[in-house]
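K.L.:
Just so it is clear, I am handing over upload18.pdb, which has PDB, C-alpha atoms.
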MODEL        1
ATOM      1  CA  MET A   1     132.305  57.050  75.939  1.00  0.00           C
ATOM      2  CA  THR A   2     134.138  56.507  72.650  1.00  0.00           C
ATOM      3  CA  VAL A   3     132.316  57.888  69.621  1.00  0.00           C
ATOM      4  CA  SER A   4     133.275  57.727  65.951  1.00  0.00           C
ATOM      5  CA  LEU A   5     134.251  60.626  63.721  1.00  0.00           C
ATOM      6  CA  GLY A   6     130.907  60.357  61.968  1.00  0.00           C
ATOM      7  CA  GLU A   7     129.025  60.560  65.260  1.00  0.00           C
ATOM      8  CA  GLU A   8     131.071  63.580  66.335  1.00  0.00           C
ATOM      9  CA  ILE A   9     130.274  65.396  63.096  1.00  0.00           C
ATOM     10  CA  MET A  10     126.590  64.618  63.510  1.00  0.00           C
ATOM     11  CA  LEU A  11     126.571  65.857  67.110  1.00  0.00           C
ATOM     12  CA  LEU A  12     128.053  69.157  66.002  1.00  0.00           C
ATOM     13  CA  SER A  13     125.391  69.562  63.325  1.00  0.00           C
ATOM     14  CA  LEU A  14     122.334  68.892  65.517  1.00  0.00           C
ATOM     15  CA  ASP A  15     120.734  71.808  67.340  1.00  0.00           C
ATOM     16  CA  ASP A  16     120.685  70.913  71.027  1.00  0.00           C
ATOM     17  CA  GLU A  17     117.227  72.356  71.620  1.00  0.00           C
ATOM     18  CA  THR A  18     115.262  71.710  68.422  1.00  0.00           C
ATOM     19  CA  GLY A  19     117.151  68.635  67.224  1.00  0.00           C
ATOM     20  CA  ALA A  20     117.225  69.986  63.662  1.00  0.00           C
ATOM     21  CA  ALA A  21     120.388  69.561  61.605  1.00  0.00           C
ATOM     22  CA  LYS A  22     122.235  72.802  60.872  1.00  0.00           C
ATOM     23  CA  GLY A  23     123.808  72.576  57.444  1.00  0.00           C
ATOM     24  CA  GLU A  24     122.315  69.131  56.895  1.00  0.00           C
ATOM     25  CA  SER A  25     123.805  68.551  53.443  1.00  0.00           C
ATOM     26  CA  ALA A  26     127.351  69.316  54.588  1.00  0.00           C
ATOM     27  CA  ALA A  27     126.895  67.166  57.670  1.00  0.00           C
ATOM     28  CA  ARG A  28     125.804  64.182  55.615  1.00  0.00           C
ATOM     29  CA  TRP A  29     128.905  64.333  53.425  1.00  0.00           C
ATOM     30  CA  GLY A  30     131.038  64.792  56.517  1.00  0.00           C
ATOM     31  CA  VAL A  31     129.477  61.843  58.292  1.00  0.00           C
ATOM     32  CA  ALA A  32     129.983  59.548  55.294  1.00  0.00           C
ATOM     33  CA  ALA A  33     133.601  60.676  54.965  1.00  0.00           C
ATOM     34  CA  GLY A  34     134.129  60.294  58.702  1.00  0.00           C
ATOM     35  CA  MET A  35     132.901  56.712  58.765  1.00  0.00           C
ATOM     36  CA  LEU A  36     135.070  55.840  55.769  1.00  0.00           C
ATOM     37  CA  LEU A  37     138.095  57.398  57.450  1.00  0.00           C
ATOM     38  CA  GLU A  38     137.366  55.398  60.598  1.00  0.00           C
ATOM     39  CA  LEU A  39     137.656  52.229  58.525  1.00  0.00           C
ATOM     40  CA  VAL A  40     140.959  53.463  57.109  1.00  0.00           C
ATOM     41  CA  MET A  41     142.263  54.148  60.613  1.00  0.00           C
ATOM     42  CA  ALA A  42     141.074  50.707  61.701  1.00  0.00           C
ATOM     43  CA  GLY A  43     143.142  49.108  58.944  1.00  0.00           C
ATOM     44  CA  ARG A  44     140.111  47.751  57.071  1.00  0.00           C
ATOM     45  CA  VAL A  45     139.994  50.071  54.062  1.00  0.00           C
ATOM     46  CA  THR A  46     142.403  52.004  51.855  1.00  0.00           C
ATOM     47  CA  VAL A  47     141.573  55.261  50.096  1.00  0.00           C
ATOM     48  CA  LYS A  48     144.101  56.415  47.529  1.00  0.00           C
ATOM     49  CA  GLY A  49     144.174  57.641  43.961  1.00  0.00           C
ATOM     50  CA  GLY A  50     140.544  58.682  44.307  1.00  0.00           C
ATOM     51  CA  ARG A  51     139.486  55.083  44.832  1.00  0.00           C
ATOM     52  CA  VAL A  52     138.387  53.009  47.791  1.00  0.00           C
ATOM     53  CA  GLU A  53     139.327  49.382  48.411  1.00  0.00           C
ATOM     54  CA  VAL A  54     138.523  46.961  51.207  1.00  0.00           C
ATOM     55  CA  PHE A  55     141.859  45.793  52.585  1.00  0.00           C
ATOM     56  CA  ASP A  56     140.524  43.583  55.394  1.00  0.00           C
ATOM     57  CA  PRO A  57     136.798  42.706  55.737  1.00  0.00           C
ATOM     58  CA  THR A  58     137.241  41.366  59.276  1.00  0.00           C
ATOM     59  CA  PRO A  59     134.699  42.956  61.668  1.00  0.00           C
ATOM     60  CA  THR A  60     136.046  45.589  64.051  1.00  0.00           C
ATOM     61  CA  GLY A  61     133.676  44.734  66.873  1.00  0.00           C
ATOM     62  CA  ASP A  62     131.922  48.108  66.612  1.00  0.00           C
ATOM     63  CA  THR A  63     128.346  47.688  65.385  1.00  0.00           C
ATOM     64  CA  LEU A  64     128.184  51.018  63.547  1.00  0.00           C
ATOM     65  CA  LEU A  65     131.555  50.587  61.843  1.00  0.00           C
ATOM     66  CA  ASP A  66     130.879  46.983  60.928  1.00  0.00           C
ATOM     67  CA  GLY A  67     127.604  47.980  59.309  1.00  0.00           C
ATOM     68  CA  ARG A  68     129.486  50.423  57.087  1.00  0.00           C
ATOM     69  CA  LEU A  69     132.227  47.865  56.396  1.00  0.00           C
ATOM     70  CA  GLY A  70     129.709  45.240  55.308  1.00  0.00           C
ATOM     71  CA  ARG A  71     127.851  47.691  53.084  1.00  0.00           C
ATOM     72  CA  LEU A  72     131.108  48.919  51.572  1.00  0.00           C
ATOM     73  CA  THR A  73     132.381  45.386  50.963  1.00  0.00           C
ATOM     74  CA  ARG A  74     129.205  44.468  49.088  1.00  0.00           C
ATOM     75  CA  TRP A  75     129.416  47.657  47.031  1.00  0.00           C
ATOM     76  CA  VAL A  76     133.048  47.000  46.105  1.00  0.00           C
ATOM     77  CA  HIS A  77     132.170  43.522  44.876  1.00  0.00           C
ATOM     78  CA  GLU A  78     129.271  44.893  42.848  1.00  0.00           C
ATOM     79  CA  THR A  79     131.292  47.700  41.252  1.00  0.00           C
ATOM     80  CA  SER A  80     134.571  46.062  40.368  1.00  0.00           C
ATOM     81  CA  SER A  81     135.268  48.483  37.513  1.00  0.00           C
ATOM     82  CA  SER A  82     134.654  51.759  39.379  1.00  0.00           C
ATOM     83  CA  ARG A  83     135.332  52.226  43.074  1.00  0.00           C
ATOM     84  CA  LYS A  84     135.673  55.977  43.223  1.00  0.00           C
ATOM     85  CA  VAL A  85     135.499  57.686  46.581  1.00  0.00           C
ATOM     86  CA  VAL A  86     132.987  60.194  45.198  1.00  0.00           C
ATOM     87  CA  ALA A  87     130.708  57.354  44.094  1.00  0.00           C
ATOM     88  CA  TRP A  88     130.799  55.766  47.555  1.00  0.00           C
ATOM     89  CA  LEU A  89     130.114  59.022  49.395  1.00  0.00           C
ATOM     90  CA  THR A  90     127.242  59.763  47.025  1.00  0.00           C
ATOM     91  CA  ARG A  91     125.784  56.324  47.618  1.00  0.00           C
ATOM     92  CA  ASP A  92     126.259  56.262  51.386  1.00  0.00           C
ATOM     93  CA  HIS A  93     125.762  59.785  52.688  1.00  0.00           C
ATOM     94  CA  ALA A  94     122.006  59.559  53.312  1.00  0.00           C
ATOM     95  CA  LYS A  95     121.890  56.001  54.685  1.00  0.00           C
ATOM     96  CA  GLY A  96     125.095  56.499  56.637  1.00  0.00           C
ATOM     97  CA  SER A  97     123.798  59.646  58.310  1.00  0.00           C
ATOM     98  CA  GLN A  98     120.617  57.933  59.445  1.00  0.00           C
ATOM     99  CA  ASP A  99     122.598  54.998  60.836  1.00  0.00           C
ATOM    100  CA  VAL A 100     124.799  57.425  62.767  1.00  0.00           C
ATOM    101  CA  VAL A 101     121.785  59.268  64.192  1.00  0.00           C
ATOM    102  CA  ASP A 102     120.245  55.946  65.210  1.00  0.00           C
ATOM    103  CA  SER A 103     123.505  55.097  66.970  1.00  0.00           C
ATOM    104  CA  LEU A 104     123.420  58.392  68.880  1.00  0.00           C
ATOM    105  CA  VAL A 105     119.844  57.625  69.941  1.00  0.00           C
ATOM    106  CA  ALA A 106     120.853  54.130  71.090  1.00  0.00           C
ATOM    107  CA  ARG A 107     123.739  55.608  73.103  1.00  0.00           C
ATOM    108  CA  GLY A 108     121.356  58.019  74.820  1.00  0.00           C
ATOM    109  CA  LEU A 109     123.113  61.132  73.501  1.00  0.00           C
ATOM    110  CA  VAL A 110     120.095  62.415  71.582  1.00  0.00           C
ATOM    111  CA  THR A 111     116.429  61.549  71.653  1.00  0.00           C
ATOM    112  CA  GLU A 112     114.151  61.028  68.649  1.00  0.00           C
ATOM    113  CA  GLU A 113     111.029  63.150  68.271  1.00  0.00           C
ATOM    114  CA  LYS A 114     108.504  62.593  65.486  1.00  0.00           C
ATOM    115  CA  HIS A 115     105.813  64.922  64.185  1.00  0.00           C
ATOM    116  CA  ARG A 116     104.142  65.881  60.917  1.00  0.00           C
ATOM    117  CA  ALA A 117     104.898  69.153  59.180  1.00  0.00           C
ATOM    118  CA  LEU A 118     101.682  70.837  58.010  1.00  0.00           C
ATOM    119  CA  GLY A 119      99.961  67.797  59.447  1.00  0.00           C
ATOM    120  CA  VAL A 120     101.106  65.702  56.479  1.00  0.00           C
ATOM    121  CA  PHE A 121     104.855  65.290  56.055  1.00  0.00           C
ATOM    122  CA  PRO A 122     106.639  63.111  58.624  1.00  0.00           C
ATOM    123  CA  VAL A 123     109.561  64.904  60.288  1.00  0.00           C
ATOM    124  CA  ARG A 124     112.121  63.607  62.760  1.00  0.00           C
ATOM    125  CA  ARG A 125     114.160  65.747  65.113  1.00  0.00           C
ATOM    126  CA  TYR A 126     116.961  64.740  67.472  1.00  0.00           C
ATOM    127  CA  PRO A 127     117.364  67.108  70.437  1.00  0.00           C
ATOM    128  CA  GLU A 128     120.120  66.597  72.976  1.00  0.00           C
ATOM    129  CA  ALA A 129     119.558  64.062  75.749  1.00  0.00           C
ATOM    130  CA  ASP A 130     123.061  63.886  77.248  1.00  0.00           C
ATOM    131  CA  GLY A 131     125.419  66.737  76.399  1.00  0.00           C
ATOM    132  CA  THR A 132     128.503  65.323  78.139  1.00  0.00           C
ATOM    133  CA  VAL A 133     130.150  63.962  74.978  1.00  0.00           C
ATOM    134  CA  GLU A 134     129.431  67.051  72.882  1.00  0.00           C
ATOM    135  CA  ARG A 135     130.763  69.402  75.565  1.00  0.00           C
ATOM    136  CA  GLU A 136     134.006  67.437  75.732  1.00  0.00           C
ATOM    137  CA  LEU A 137     134.181  67.422  71.935  1.00  0.00           C
ATOM    138  CA  ARG A 138     133.708  71.177  71.624  1.00  0.00           C
ATOM    139  CA  ALA A 139     136.239  71.832  74.379  1.00  0.00           C
ATOM    140  CA  ARG A 140     138.793  69.656  72.578  1.00  0.00           C
ATOM    141  CA  LEU A 141     138.201  71.450  69.276  1.00  0.00           C
ATOM    142  CA  ALA A 142     138.426  74.847  70.950  1.00  0.00           C
ATOM    143  CA  ALA A 143     141.730  73.880  72.575  1.00  0.00           C
ATOM    144  CA  VAL A 144     143.400  73.021  69.266  1.00  0.00           C
ATOM    145  CA  VAL A 145     141.748  75.573  66.963  1.00  0.00           C
ATOM    146  CA  LEU A 146     141.426  78.566  69.285  1.00  0.00           C
ATOM    147  CA  GLY A 147     144.002  77.746  71.932  1.00  0.00           C
ATOM    148  CA  GLY A 148     146.755  76.472  69.656  1.00  0.00           C
ATOM    149  CA  ALA A 149     147.118  73.127  71.435  1.00  0.00           C
ATOM    150  CA  GLU A 150     148.730  70.280  69.512  1.00  0.00           C
ATOM    151  CA  PRO A 151     145.958  68.002  68.210  1.00  0.00           C
ATOM    152  CA  ASP A 152     146.138  64.232  68.372  1.00  0.00           C
ATOM    153  CA  ALA A 153     145.601  62.182  65.208  1.00  0.00           C
ATOM    154  CA  ARG A 154     141.845  61.738  65.662  1.00  0.00           C
ATOM    155  CA  THR A 155     141.238  65.403  66.407  1.00  0.00           C
ATOM    156  CA  SER A 156     143.332  66.396  63.388  1.00  0.00           C
ATOM    157  CA  ALA A 157     141.286  64.065  61.189  1.00  0.00           C
ATOM    158  CA  LEU A 158     138.050  65.498  62.550  1.00  0.00           C
ATOM    159  CA  VAL A 159     139.180  69.093  61.966  1.00  0.00           C
ATOM    160  CA  ALA A 160     140.248  68.197  58.421  1.00  0.00           C
ATOM    161  CA  LEU A 161     136.779  66.865  57.599  1.00  0.00           C
ATOM    162  CA  LEU A 162     134.969  69.760  59.270  1.00  0.00           C
ATOM    163  CA  HIS A 163     137.079  72.217  57.292  1.00  0.00           C
ATOM    164  CA  ALA A 164     136.566  70.310  54.019  1.00  0.00           C
ATOM    165  CA  THR A 165     132.781  70.285  54.445  1.00  0.00           C
ATOM    166  CA  GLY A 166     132.641  73.951  55.452  1.00  0.00           C
ATOM    167  CA  MET A 167     131.213  73.186  58.892  1.00  0.00           C
ATOM    168  CA  HIS A 168     133.010  76.104  60.558  1.00  0.00           C
ATOM    169  CA  ARG A 169     129.759  77.675  61.797  1.00  0.00           C
ATOM    170  CA  GLN A 170     128.447  74.419  63.260  1.00  0.00           C
ATOM    171  CA  THR A 171     131.758  73.845  65.027  1.00  0.00           C
ATOM    172  CA  PHE A 172     132.153  77.403  66.348  1.00  0.00           C
ATOM    173  CA  PRO A 173     128.673  78.969  66.157  1.00  0.00           C
ATOM    174  CA  ASP A 174     129.681  82.180  67.946  1.00  0.00           C
ATOM    175  CA  LEU A 175     132.698  82.969  65.777  1.00  0.00           C
ATOM    176  CA  PRO A 176     133.055  84.148  62.158  1.00  0.00           C
ATOM    177  CA  LYS A 177     134.533  81.681  59.695  1.00  0.00           C
ATOM    178  CA  LYS A 178     137.514  83.928  58.977  1.00  0.00           C
ATOM    179  CA  GLN A 179     138.600  83.627  62.594  1.00  0.00           C
ATOM    180  CA  VAL A 180     138.765  79.824  62.657  1.00  0.00           C
ATOM    181  CA  ALA A 181     139.288  78.705  59.047  1.00  0.00           C
ATOM    182  CA  PRO A 182     143.033  79.486  58.805  1.00  0.00           C
ATOM    183  CA  ARG A 183     143.914  77.402  61.858  1.00  0.00           C
ATOM    184  CA  MET A 184     141.601  74.571  60.750  1.00  0.00           C
ATOM    185  CA  ALA A 185     143.270  74.604  57.319  1.00  0.00           C
ATOM    186  CA  GLU A 186     146.681  74.485  59.003  1.00  0.00           C
ATOM    187  CA  ILE A 187     145.658  71.422  61.019  1.00  0.00           C
ATOM    188  CA  ALA A 188     144.105  69.772  57.966  1.00  0.00           C
ATOM    189  CA  GLU A 189     147.297  70.210  55.969  1.00  0.00           C
ATOM    190  CA  GLY A 190     149.571  69.076  58.789  1.00  0.00           C
ATOM    191  CA  HIS A 191     151.990  66.171  58.813  1.00  0.00           C
ATOM    192  CA  TRP A 192     150.275  62.843  59.395  1.00  0.00           C
ATOM    193  CA  VAL A 193     151.897  60.066  61.379  1.00  0.00           C
ATOM    194  CA  GLY A 194     150.335  57.422  59.144  1.00  0.00           C
ATOM    195  CA  VAL A 195     150.991  57.805  55.430  1.00  0.00           C
ATOM    196  CA  SER A 196     147.809  55.897  54.550  1.00  0.00           C
ATOM    197  CA  VAL A 197     145.681  58.121  56.777  1.00  0.00           C
ATOM    198  CA  GLY A 198     147.181  61.305  55.353  1.00  0.00           C
ATOM    199  CA  GLU A 199     146.570  60.110  51.813  1.00  0.00           C
ATOM    200  CA  ALA A 200     143.014  59.083  52.675  1.00  0.00           C
ATOM    201  CA  ILE A 201     142.280  62.509  54.135  1.00  0.00           C
ATOM    202  CA  ARG A 202     143.599  64.270  51.021  1.00  0.00           C
ATOM    203  CA  ASN A 203     141.442  61.993  48.852  1.00  0.00           C
ATOM    204  CA  LEU A 204     138.389  62.623  51.018  1.00  0.00           C
ATOM    205  CA  GLN A 205     138.952  66.377  50.941  1.00  0.00           C
ATOM    206  CA  ALA A 206     139.075  66.275  47.148  1.00  0.00           C
ATOM    207  CA  ALA A 207     135.975  64.073  46.978  1.00  0.00           C
ATOM    208  CA  ILE A 208     134.021  66.331  49.336  1.00  0.00           C
ATOM    209  CA  SER A 209     134.976  69.339  47.242  1.00  0.00           C
ATOM    210  CA  THR A 210     133.680  67.563  44.144  1.00  0.00           C
ATOM    211  CA  VAL A 211     130.350  66.428  45.579  1.00  0.00           C
ATOM    212  CA  THR A 212     129.754  69.807  47.208  1.00  0.00           C
ATOM    213  CA  VAL A 213     130.181  71.592  43.878  1.00  0.00           C
ATOM    214  CA  VAL A 214     127.896  69.078  42.161  1.00  0.00           C
ATOM    215  CA  THR A 215     125.257  69.511  44.885  1.00  0.00           C
ATOM    216  CA  VAL A 216     125.310  73.298  44.571  1.00  0.00           C
ATOM    217  CA  LEU A 217     125.099  73.194  40.774  1.00  0.00           C
ATOM    218  CA  SER A 218     122.253  70.661  40.893  1.00  0.00           C
ATOM    219  CA  ALA A 219     120.294  72.892  43.248  1.00  0.00           C
ATOM    220  CA  ALA A 220     120.766  76.005  41.097  1.00  0.00           C
ATOM    221  CA  PRO A 221     117.655  77.189  39.159  1.00  0.00           C
TER     222      PRO A 221
ENDMDL
END
Rewrite the structure from the file as structure tokens, please.
P.N.:
Amino acid sequence: MTVSLGEEIMLLSLDDETGAAKGESAARWGVAAGMLLELVMAGRVTVKGGRVEVFDPTPTGDTLLDGRLGRLTRWVHETSSSRKVVAWLTRDHAKGSQDVVDSLVARGLVTEEKHRALGVFPVRRYPEADGTVERELRARLAAVVLGGAEPDARTSALVALLHATGMHRQTFPDLPKKQVAPRMAEIAEGHWVGVSVGEAIRNLQAAISTVTVVTVLSAAP
């Protein structure tokens, strides 16, 4: 089963038993960045100079990606004067994350459970239904980060986003950050086969750093 970068990031963030998101804020930014990078890799979008542009609005044939592409295309047309990557991630991270979770439910990888916290507030959880994809994903990440294997382009892109969002603990829950961060940084800063993809990743890393700082400052008392 082929899953997107955004779906992989979401799988890593969801607790297999409880279905709760671990580091939910970071995961949302990562998912939004992952879906945008997918569109770059599909040749539909460019991300450079801190800005995002739709290069080719033709559908990819993937329902989840095409939903993001359509939403992004409309946003670009509405905001002709400012198409900053930070603005798009800020706009899309909540909606994009829910769309990705819904896709995982539709694929049968997680199941949706609903209840009310304190009997009042509606809460959704997404425990694991089929762990095959996540096990393969974690094995692949372990091979390149812990085992020193040479990552392919998609795995490198995934590691770059996980490192940028600080999702070291979600990726390797049994290991301290200091043990995995240096190798993840090395992969993230590696040489990219596609110039456009490498530039997009650097732009996304910078954007994630910006929105993360803003989020922390906004939450401060």
K.L.:
Could you check which of A:Gly61, A:Gly148, A:Gly190, A:Gly108 is closest to Val133 in chain A, using all atoms listed in the file?
P.N.:
A:Gly108
K.L.:
Starting from the shown file, work through the PyMOL selection byres ((chain A and resi 164) around 12) and note down what comes out as a VMD selection string.
P.N.:
chain A and resid 26 to 27 29 to 31 33 to 34 157 to 163 165 to 168 181 184 to 185 187 to 189 201 to 212
K.L.:
Rank nothing, just name the residue among A:Val145, A:Val52, A:Leu104, A:Ala129 nearest to Thr2 in chain A, using only C-alpha atoms.
P.N.:
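Checking each of A:Val145, A:Val52, A:Leu104, A:Ala129 against Thr2 in chain A, counting only C-alpha atoms, the winner is A:Leu104.
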K.L.:
What residues come out when you apply the PyMOL selection byres ((chain A and resi 109-115) around 6) to this file, written as a PyMOL selection string?
P.N.:
chain A and resi 104-105+107-108+116+122-130
K.L.:
Choose the residue, out of A:Ala142, A:Ala200, A:Leu65, A:Gly19, that has the smallest atom-to-atom separation from Asp174 in chain A; count all atoms listed in the file.
P.N.:
A:Ala142
K.L.:
What does the PyMOL selection byres ((chain A and resi 13) around 10) select in this file, as a list in words?
P.N.:
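With the shown file as input, the PyMOL selection byres ((chain A and resi 13) around 10) matches Glu7, Glu8, Ile9, Met10, Leu11, Leu12, Leu14, Asp15, Asp16, Gly19, Ala20, Ala21, Lys22, Gly23, Glu24, Ala26, Ala27, Arg28, Met167, Arg169, Gln170 and Thr171 of chain A.
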K.L.:
Quick one: pull the distance between CA of Phe55 in chain A and CA of Leu69 in chain A, Å, one decimal.
P.N.:
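So the two atoms, CA of Phe55 in chain A and CA of Leu69 in chain A, lie 10.6 Å apart.
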K.L.:
At what distance in Å, to one decimal, does CA of Thr90 in chain A lie from CA of Val47 in chain A?
P.N.:
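Going from CA of Val47 in chain A over to CA of Thr90 in chain A, I get 15.3 Å.
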K.L.:
Between CA of Glu199 in chain A and CA of Ala87 in chain A, what is the distance, to one decimal in Å?
P.N.:
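That distance, rounded to one decimal, is 17.9 Å.
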K.L.:
Identify, on the basis of all atoms listed in the file, every residue whose closest approach to range 73-82 of chain A does not exceed 12 Å; exclude the query and any residue fewer than 6 positions from it along the same chain; express the result as a list in words.
P.N.:
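With the cut-off at 12 Å, the set is Leu36, Leu39, Arg44, Val45, Gly50, Arg51, Val52, Glu53, Val54, Phe55, Asp56, Pro57, Thr58, Pro59, Asp66, Gly67, Trp88, Leu89, Arg91 and Asp92 of chain A.
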K.L.:
Box for range 121-130 of chain A - axis-aligned, 4 Å on each of the six sides, all listed atoms - centre and size in Å to one decimal, as AutoDock Vina command-line options.
P.N.:
--center_x 114.0 --center_y 65.1 --center_z 66.7 --size_x 26.2 --size_y 12.0 --size_z 29.2
K.L.:
Write out as JSON, numbers by chain each polymer residue whose atoms come within 12 Å of Glu150 in chain A, counting only C-alpha atoms; drop sequence neighbours fewer than 2 positions from it.
P.N.:
{"A": [140, 141, 142, 143, 144, 145, 146, 147, 148, 152, 153, 154, 155, 156, 183, 186, 187, 190, 191]}
